[in-house]
$ cat model-v4.txt   # compact mmCIF, C-alpha atoms and all ligand atoms
# COMPACT_ATOMS: atom_id res chain seq x y z
CA MET A 1 -38.23 33.83 64.13
CA LYS A 2 -39.60 36.33 61.66
CA LYS A 3 -39.59 35.29 58.00
CA CYS A 4 -37.34 38.22 56.95
CA THR A 5 -34.79 37.37 59.70
CA PHE A 6 -34.76 33.73 58.59
CA GLN A 7 -34.20 34.80 54.95
CA ARG A 8 -31.27 36.97 56.10
CA CYS A 9 -29.77 33.91 57.89
CA LEU A 10 -30.11 31.81 54.75
CA ARG A 11 -28.42 34.51 52.64
CA ALA A 12 -25.53 34.57 55.13
CA VAL A 13 -24.79 30.82 54.72
CA PRO A 14 -22.65 31.14 51.51
CA THR A 15 -20.53 33.85 53.20
CA MET A 16 -19.62 31.57 56.13
CA THR A 17 -16.25 29.87 56.48
CA SER A 18 -16.23 26.07 56.66
CA ALA A 19 -15.50 26.29 60.43
CA GLN A 20 -18.56 28.52 60.91
CA ARG A 21 -20.77 26.13 58.90
CA HIS A 22 -19.45 23.27 61.06
CA ASP A 23 -20.40 25.19 64.25
CA LEU A 24 -23.83 25.96 62.79
CA ARG A 25 -24.42 22.25 62.03
CA ILE A 26 -23.47 21.30 65.62
CA ALA A 27 -25.77 24.00 67.04
CA ILE A 28 -28.71 22.77 64.91
CA ASP A 29 -28.06 19.10 65.82
CA HIS A 30 -27.91 19.99 69.52
CA ARG A 31 -31.18 21.99 69.25
CA ASP A 32 -32.89 19.11 67.39
CA LYS A 33 -31.86 16.61 70.09
CA LYS A 34 -33.18 18.85 72.89
CA ASP A 35 -36.46 19.37 70.99
CA LEU A 36 -36.80 15.64 70.41
CA VAL A 37 -36.43 14.80 74.12
CA ALA A 38 -38.96 17.53 75.05
CA GLU A 39 -41.43 16.34 72.39
CA VAL A 40 -41.19 12.71 73.43
CA SER A 41 -41.66 13.54 77.12
CA SER A 42 -44.71 15.68 76.25
CA LEU A 43 -46.23 12.55 74.68
CA VAL A 44 -45.28 9.85 77.18
CA GLY A 45 -43.83 11.73 80.20
CA THR A 46 -40.53 10.83 81.83
CA PRO A 47 -40.03 7.40 83.41
CA THR A 48 -40.58 7.23 87.19
CA ALA A 49 -40.34 3.44 87.57
CA CYS A 50 -39.01 0.47 85.60
CA PRO A 51 -41.47 -0.58 82.83
CA HIS A 52 -40.26 -4.20 83.16
CA CYS A 53 -40.49 -4.84 86.92
CA HIS A 54 -42.04 -1.53 88.22
CA HIS A 55 -39.11 -0.99 90.59
CA PRO A 56 -39.11 2.72 91.61
CA GLU A 57 -35.32 3.10 91.87
CA ILE A 58 -33.91 4.07 88.48
CA ARG A 59 -30.82 6.03 87.42
CA PRO A 60 -29.62 7.75 84.21
CA TRP A 61 -27.73 5.39 81.86
CA GLU A 62 -26.15 6.86 78.71
CA GLN A 63 -28.12 7.84 75.63
CA ALA A 64 -29.29 6.01 72.50
CA ALA A 65 -31.37 6.91 69.42
CA GLY A 66 -31.51 10.55 70.58
CA LEU A 67 -33.19 9.70 73.89
CA PRO A 68 -31.70 9.37 77.39
CA ARG A 69 -31.68 5.80 78.69
CA VAL A 70 -32.35 4.83 82.30
CA ARG A 71 -31.23 1.75 84.25
CA CYS A 72 -33.36 -0.08 86.80
CA ARG A 73 -31.74 -1.02 90.10
CA GLY A 74 -34.11 -3.95 90.51
CA CYS A 75 -33.93 -6.11 87.37
CA PRO A 76 -31.40 -4.37 86.18
CA ARG A 77 -32.43 -3.66 82.57
CA THR A 78 -32.14 -0.38 80.67
CA PHE A 79 -35.00 1.45 78.97
CA ASN A 80 -36.13 4.84 77.72
CA ALA A 81 -39.40 6.79 77.98
CA LEU A 82 -40.85 4.88 75.00
CA THR A 83 -40.16 1.35 76.26
CA ASN A 84 -43.36 -0.73 76.55
CA THR A 85 -45.49 2.04 74.99
CA PRO A 86 -47.21 1.78 71.58
CA LEU A 87 -44.64 4.28 70.21
CA SER A 88 -41.73 1.95 70.89
CA GLY A 89 -39.96 0.93 67.67
CA LEU A 90 -41.49 3.66 65.47
CA HIS A 91 -38.93 5.50 63.31
CA HIS A 92 -38.61 9.21 62.43
CA LYS A 93 -39.38 10.55 65.93
CA ASP A 94 -38.60 14.07 64.70
CA ARG A 95 -41.73 13.91 62.50
CA TRP A 96 -44.19 12.66 65.14
CA MET A 97 -45.41 16.08 66.29
CA PHE A 98 -45.95 17.21 62.69
CA TYR A 99 -47.83 13.99 62.01
CA LEU A 100 -50.06 14.61 65.06
CA GLU A 101 -50.83 18.10 63.72
CA THR A 102 -51.97 16.66 60.39
CA PHE A 103 -53.92 14.04 62.33
CA SER A 104 -55.74 16.68 64.42
CA GLU A 105 -56.51 18.65 61.25
CA GLY A 106 -58.39 15.58 60.00
CA GLU A 107 -56.05 14.78 57.09
CA SER A 108 -56.42 11.40 55.41
CA VAL A 109 -53.72 8.78 56.00
CA ARG A 110 -52.43 9.23 52.44
CA LYS A 111 -52.18 13.05 52.71
CA ALA A 112 -50.59 12.91 56.17
CA ALA A 113 -48.02 10.43 54.80
CA GLY A 114 -47.19 12.78 51.92
CA ARG A 115 -46.78 15.82 54.21
CA CYS A 116 -44.55 13.95 56.68
CA GLY A 117 -42.45 12.22 54.03
CA ILE A 118 -43.32 8.68 55.14
CA ASN A 119 -45.07 5.92 53.20
CA THR A 120 -48.79 5.20 53.57
CA LYS A 121 -48.21 1.91 55.36
CA ALA A 122 -46.13 3.66 58.04
CA ALA A 123 -48.72 6.47 58.39
CA PHE A 124 -51.45 3.86 58.94
CA LEU A 125 -49.34 2.13 61.60
CA TRP A 126 -48.58 5.47 63.29
CA ARG A 127 -52.27 6.35 63.47
CA HIS A 128 -53.09 3.09 65.26
CA ARG A 129 -50.13 3.41 67.63
CA PHE A 130 -50.96 7.03 68.57
CA LEU A 131 -54.62 6.09 69.15
CA ALA A 132 -53.51 3.27 71.48
CA LEU A 133 -51.24 5.58 73.50
CA PRO A 134 -53.66 7.17 76.05
CA ALA A 135 -54.97 3.78 77.22
CA CYS A 136 -51.49 2.42 77.94
CA LEU A 137 -50.03 5.37 79.79
CA LYS A 138 -49.95 4.97 83.50
CA ALA A 139 -50.73 8.08 85.53
CA ARG A 140 -47.60 10.15 86.13
CA GLN A 141 -49.24 12.47 88.64
CA GLU A 142 -52.33 12.24 90.84
CA SER A 143 -54.08 15.16 92.50
CA GLY A 144 -57.10 15.99 94.68
CA ILE A 145 -58.48 13.04 96.61
CA VAL A 146 -56.21 10.07 95.94
CA GLU A 147 -57.05 6.53 97.05
CA THR A 148 -54.32 4.03 97.67
CA ASP A 149 -53.96 0.54 99.05
CA GLU A 150 -51.54 -2.34 99.07
CA THR A 151 -52.25 -5.79 97.77
CA TRP A 152 -50.12 -8.94 97.51
CA PHE A 153 -49.40 -11.03 94.43
CA LEU A 154 -47.62 -14.37 94.12
CA ARG A 155 -44.00 -13.82 93.13
CA SER A 156 -43.43 -14.91 89.53
CA TYR A 157 -40.24 -16.60 88.34
CA LYS A 158 -41.40 -16.84 84.74
CA GLY A 159 -38.42 -16.92 82.36
CA GLN A 160 -35.90 -17.73 85.10
CA ARG A 161 -33.67 -20.68 84.24
CA GLY A 162 -33.20 -23.06 87.15
CA GLY A 163 -32.48 -22.21 90.78
CA LEU A 164 -36.18 -21.80 91.67
CA PRO A 165 -36.53 -21.19 95.44
CA ARG A 166 -39.79 -23.20 95.44
CA ARG A 167 -41.31 -26.12 93.54
CA ALA A 168 -42.48 -25.25 90.01
CA ARG A 169 -46.23 -24.85 89.68
CA LYS A 170 -48.70 -24.33 86.88
CA ARG A 171 -50.30 -20.98 86.14
CA GLY A 172 -51.83 -19.26 89.17
CA GLY A 173 -51.65 -21.28 92.39
CA ARG A 174 -51.73 -20.22 96.02
CA ALA A 175 -49.16 -19.16 98.56
CA GLN A 176 -48.30 -21.88 101.06
CA LYS A 177 -48.33 -19.42 103.98
CA ARG A 178 -51.21 -17.08 104.74
CA GLY A 179 -50.48 -13.35 104.83
CA PRO A 180 -47.36 -11.49 103.64
CA SER A 181 -44.36 -13.78 103.02
CA ARG A 182 -41.40 -14.19 100.65
CA GLU A 183 -43.69 -16.06 98.26
CA GLN A 184 -45.62 -12.85 97.56
CA VAL A 185 -44.75 -9.33 96.45
CA PRO A 186 -46.48 -6.17 97.71
CA VAL A 187 -48.07 -3.98 95.02
CA LEU A 188 -49.19 -0.42 95.68
CA VAL A 189 -52.21 0.80 93.67
CA VAL A 190 -52.97 4.52 93.53
CA ARG A 191 -55.99 6.18 91.88
CA ASP A 192 -57.39 9.71 91.96
CA ARG A 193 -61.00 10.74 91.35
CA SER A 194 -60.34 11.50 87.66
CA GLY A 195 -59.56 7.77 87.31
CA ALA A 196 -55.81 8.27 86.75
CA THR A 197 -54.31 5.03 88.06
CA ALA A 198 -50.77 3.96 88.80
CA ASP A 199 -49.31 0.84 90.39
CA ALA A 200 -45.86 -0.26 91.47
CA ILE A 201 -44.28 -3.39 92.88
CA LEU A 202 -42.63 -2.52 96.18
CA PRO A 203 -39.24 -4.12 96.88
CA LYS A 204 -40.38 -4.32 100.53
CA ASP A 205 -43.53 -3.49 102.49
CA GLY A 206 -41.96 -0.47 104.19
CA HIS A 207 -42.58 3.24 104.42
CA ARG A 208 -39.30 4.12 102.57
CA GLU A 209 -40.36 2.01 99.57
CA THR A 210 -43.92 3.40 99.67
CA PHE A 211 -42.56 6.95 99.87
CA ALA A 212 -40.28 6.35 96.84
CA VAL A 213 -43.38 5.48 94.76
CA LEU A 214 -45.67 8.22 96.13
CA LYS A 215 -43.15 11.09 96.07
CA PRO A 216 -43.07 11.73 92.28
CA LEU A 217 -46.72 10.72 91.90
CA LEU A 218 -48.59 12.92 94.40
CA ALA A 219 -49.35 16.55 93.63
CA ARG A 220 -48.95 19.05 96.48
CA ASP A 221 -52.76 19.40 96.85
CA ALA A 222 -53.33 15.63 97.16
CA VAL A 223 -55.33 14.18 100.06
CA LEU A 224 -54.37 10.54 100.43
CA CYS A 225 -57.03 8.04 101.56
CA SER A 226 -55.94 4.57 102.65
CA ASP A 227 -56.92 1.64 104.80
CA GLY A 228 -56.44 2.71 108.42
CA ARG A 229 -53.42 2.51 110.69
CA GLY A 230 -52.17 6.02 111.48
CA LYS A 231 -48.62 4.63 111.75
CA GLY A 232 -48.70 2.31 108.68
CA PRO A 233 -46.27 2.73 105.75
CA ILE A 234 -48.77 4.75 103.69
CA ALA A 235 -49.55 7.18 106.55
CA LEU A 236 -45.83 7.67 107.24
CA ALA A 237 -45.07 8.18 103.54
CA ALA A 238 -47.90 10.76 103.30
CA ARG A 239 -46.43 12.65 106.27
CA GLU A 240 -42.98 12.62 104.68
CA ARG A 241 -44.44 13.85 101.37
CA SER A 242 -46.27 16.61 103.34
CA VAL A 243 -49.74 15.71 102.03
CA ALA A 244 -52.88 15.18 104.12
CA HIS A 245 -53.80 11.59 104.97
CA ARG A 246 -57.29 10.23 105.77
CA ALA A 247 -57.50 6.71 107.20
CA VAL A 248 -60.44 4.43 106.36
CA ASN A 249 -60.79 1.47 108.70
CA LEU A 250 -61.70 -1.47 106.44
CA SER A 251 -61.41 -4.06 109.20
CA LYS A 252 -64.35 -2.39 110.92
CA GLU A 253 -66.24 -2.13 107.62
CA ILE A 254 -66.16 1.68 107.79
CA ARG A 255 -65.43 2.33 104.14
CA VAL A 256 -66.69 5.90 103.98
CA LEU A 257 -64.97 8.18 106.44
CA THR A 258 -66.49 11.61 106.07
CA GLY A 259 -68.44 11.98 102.84
CA VAL A 260 -65.87 12.41 100.08
CA TYR A 261 -63.00 10.53 101.76
CA HIS A 262 -63.23 6.83 100.90
CA ILE A 263 -61.45 4.11 98.92
CA GLN A 264 -64.45 2.89 96.97
CA GLN A 265 -62.86 3.72 93.62
CA LEU A 266 -60.17 1.03 93.95
CA PRO A 267 -61.08 -2.39 92.52
CA PRO A 268 -62.66 -4.70 95.18
CA THR A 269 -59.70 -7.12 94.94
CA ILE A 270 -57.40 -4.30 96.06
CA ARG A 271 -59.72 -2.94 98.78
CA GLY A 272 -59.71 -6.35 100.45
ZN ZN B 301 -36.63 -3.29 86.54

$ encode --input "model-v4.txt" --output "structure tokens"
Amino acid sequence: MKKCTFQRCLRAVPTMTSAQRHDLRIAIDHRDKKDLVAEVSSLVGTPTACPHCHHPEIRPWEQAAGLPRVRCRGCPRTFNALTNTPLSGLHHKDRWMFYLETFSEGESVRKAAGRCGINTKAAFLWRHRFLALPACLKARQESGIVETDETWFLRSYKGQRGGLPRRARKRGGRAQKRGPSREQVPVLVVRDRSGATADAILPKDGHRETFAVLKPLLARDAVLCSDGRGKGPIALAARERSVAHRAVNLSKEIRVLTGVYHIQQLPPTIRG
């Protein structure tokens, strides 16, 4: 808005009836809430899986502190886009973007605090939390050549009171049965060539569950590379997502398929 138009609006305020001022307040509040949601999602994205158990099935669940909450169908806890990020628990969300501006202009902590109307201690905390943000954010989208593979982890019952379906054990341990079983959970790890990495616990080792994780993650131009089996869950999910799939046969030690298509970027523990 031009400065002269804004001044004209301000001059009109005393001429408004109380009902008109009430409507104006509601309109501004509504605008502020929409801006806040957009600003927060520009910083941390929108949730695509549960931050507690990584279950991919989530659904909208009311609103709190100006942000929409989401409920997980797996655990079933509620959360918002900030849960388990360094920005969780910080107050005055409406001032974050302004603070980042002062930060990028190279202002000192004390000056930034003064400009944002927060105390120096809070400004110092904010600086550390914002600096920690990039490292904690999981990739929300992967493009180009994308490597993916499944691995299995022992199911953890940490924090569960009683009713353990197996004997308690100390940290770590081994599965009693070899290969996939109810003692272990499948985890899908996905990484593109820029290093953007995401992972998700799959409720089941099936193509529906794999598709639910890959669908929001893969860009249209993605070429998915995985360990073999043209009819495995990953290949089927790639077909359903309409992205190209290149199979790399690890069991035959052929890790590089044709030049650029390989799964060497994944950690060795995942590649098997
Ligand atoms: Zn969950």

$ closest_residue --input "model-v4.txt" --among "A:Met16, A:Leu82, A:Val146, A:Cys72" --to "ligand ZN 301 (chain B)" --atoms "only C-alpha atoms and all ligand atoms"
A:Cys72

$ residues_near_ligand --input "model-v4.txt" --ligand "ligand ZN 301 (chain B)" --cutoff "7 Å" --atoms "all atoms listed in the file" --output "list in words"
Cys50, Pro51, His52, Cys53, His54, His55, Cys72, Arg73, Gly74, Cys75, Pro76 and Arg77 of chain A

$ residues_around --input "model-v4.txt" --residues "Leu87 of chain A" --least-positions-apart "6" --cutoff "8 Å" --atoms "all atoms listed in the file" --output "list in words"
Arg129, Phe130 and Leu133 of chain A

$ residues_around --input "model-v4.txt" --residues "segment 125-128 of chain A" --least-positions-apart "3" --cutoff "9 Å" --atoms "all atoms listed in the file" --output "PyMOL selection string"
chain A and resi 86-87+90+96+99-100+103+109+120-122+131-133

$ atom_distance --input "model-v4.txt" --atom1 "atom CA of Val213 of chain A" --atom2 "atom CA of Thr48 of chain A"
8.3 Å

$ closest_residue --input "model-v4.txt" --among "A:Phe124, A:Met97, A:Pro56, A:Ser108" --to "Lys204 of chain A" --atoms "all atoms listed in the file"
A:Pro56

$ axis_aligned_box --input "model-v4.txt" --around "segment 218-228 of chain A" --padding-each-side "3 Å" --output "JSON"
{"center_x": -52.8, "center_y": 10.5, "center_z": 101.0, "size_x": 14.4, "size_y": 23.8, "size_z": 20.8}
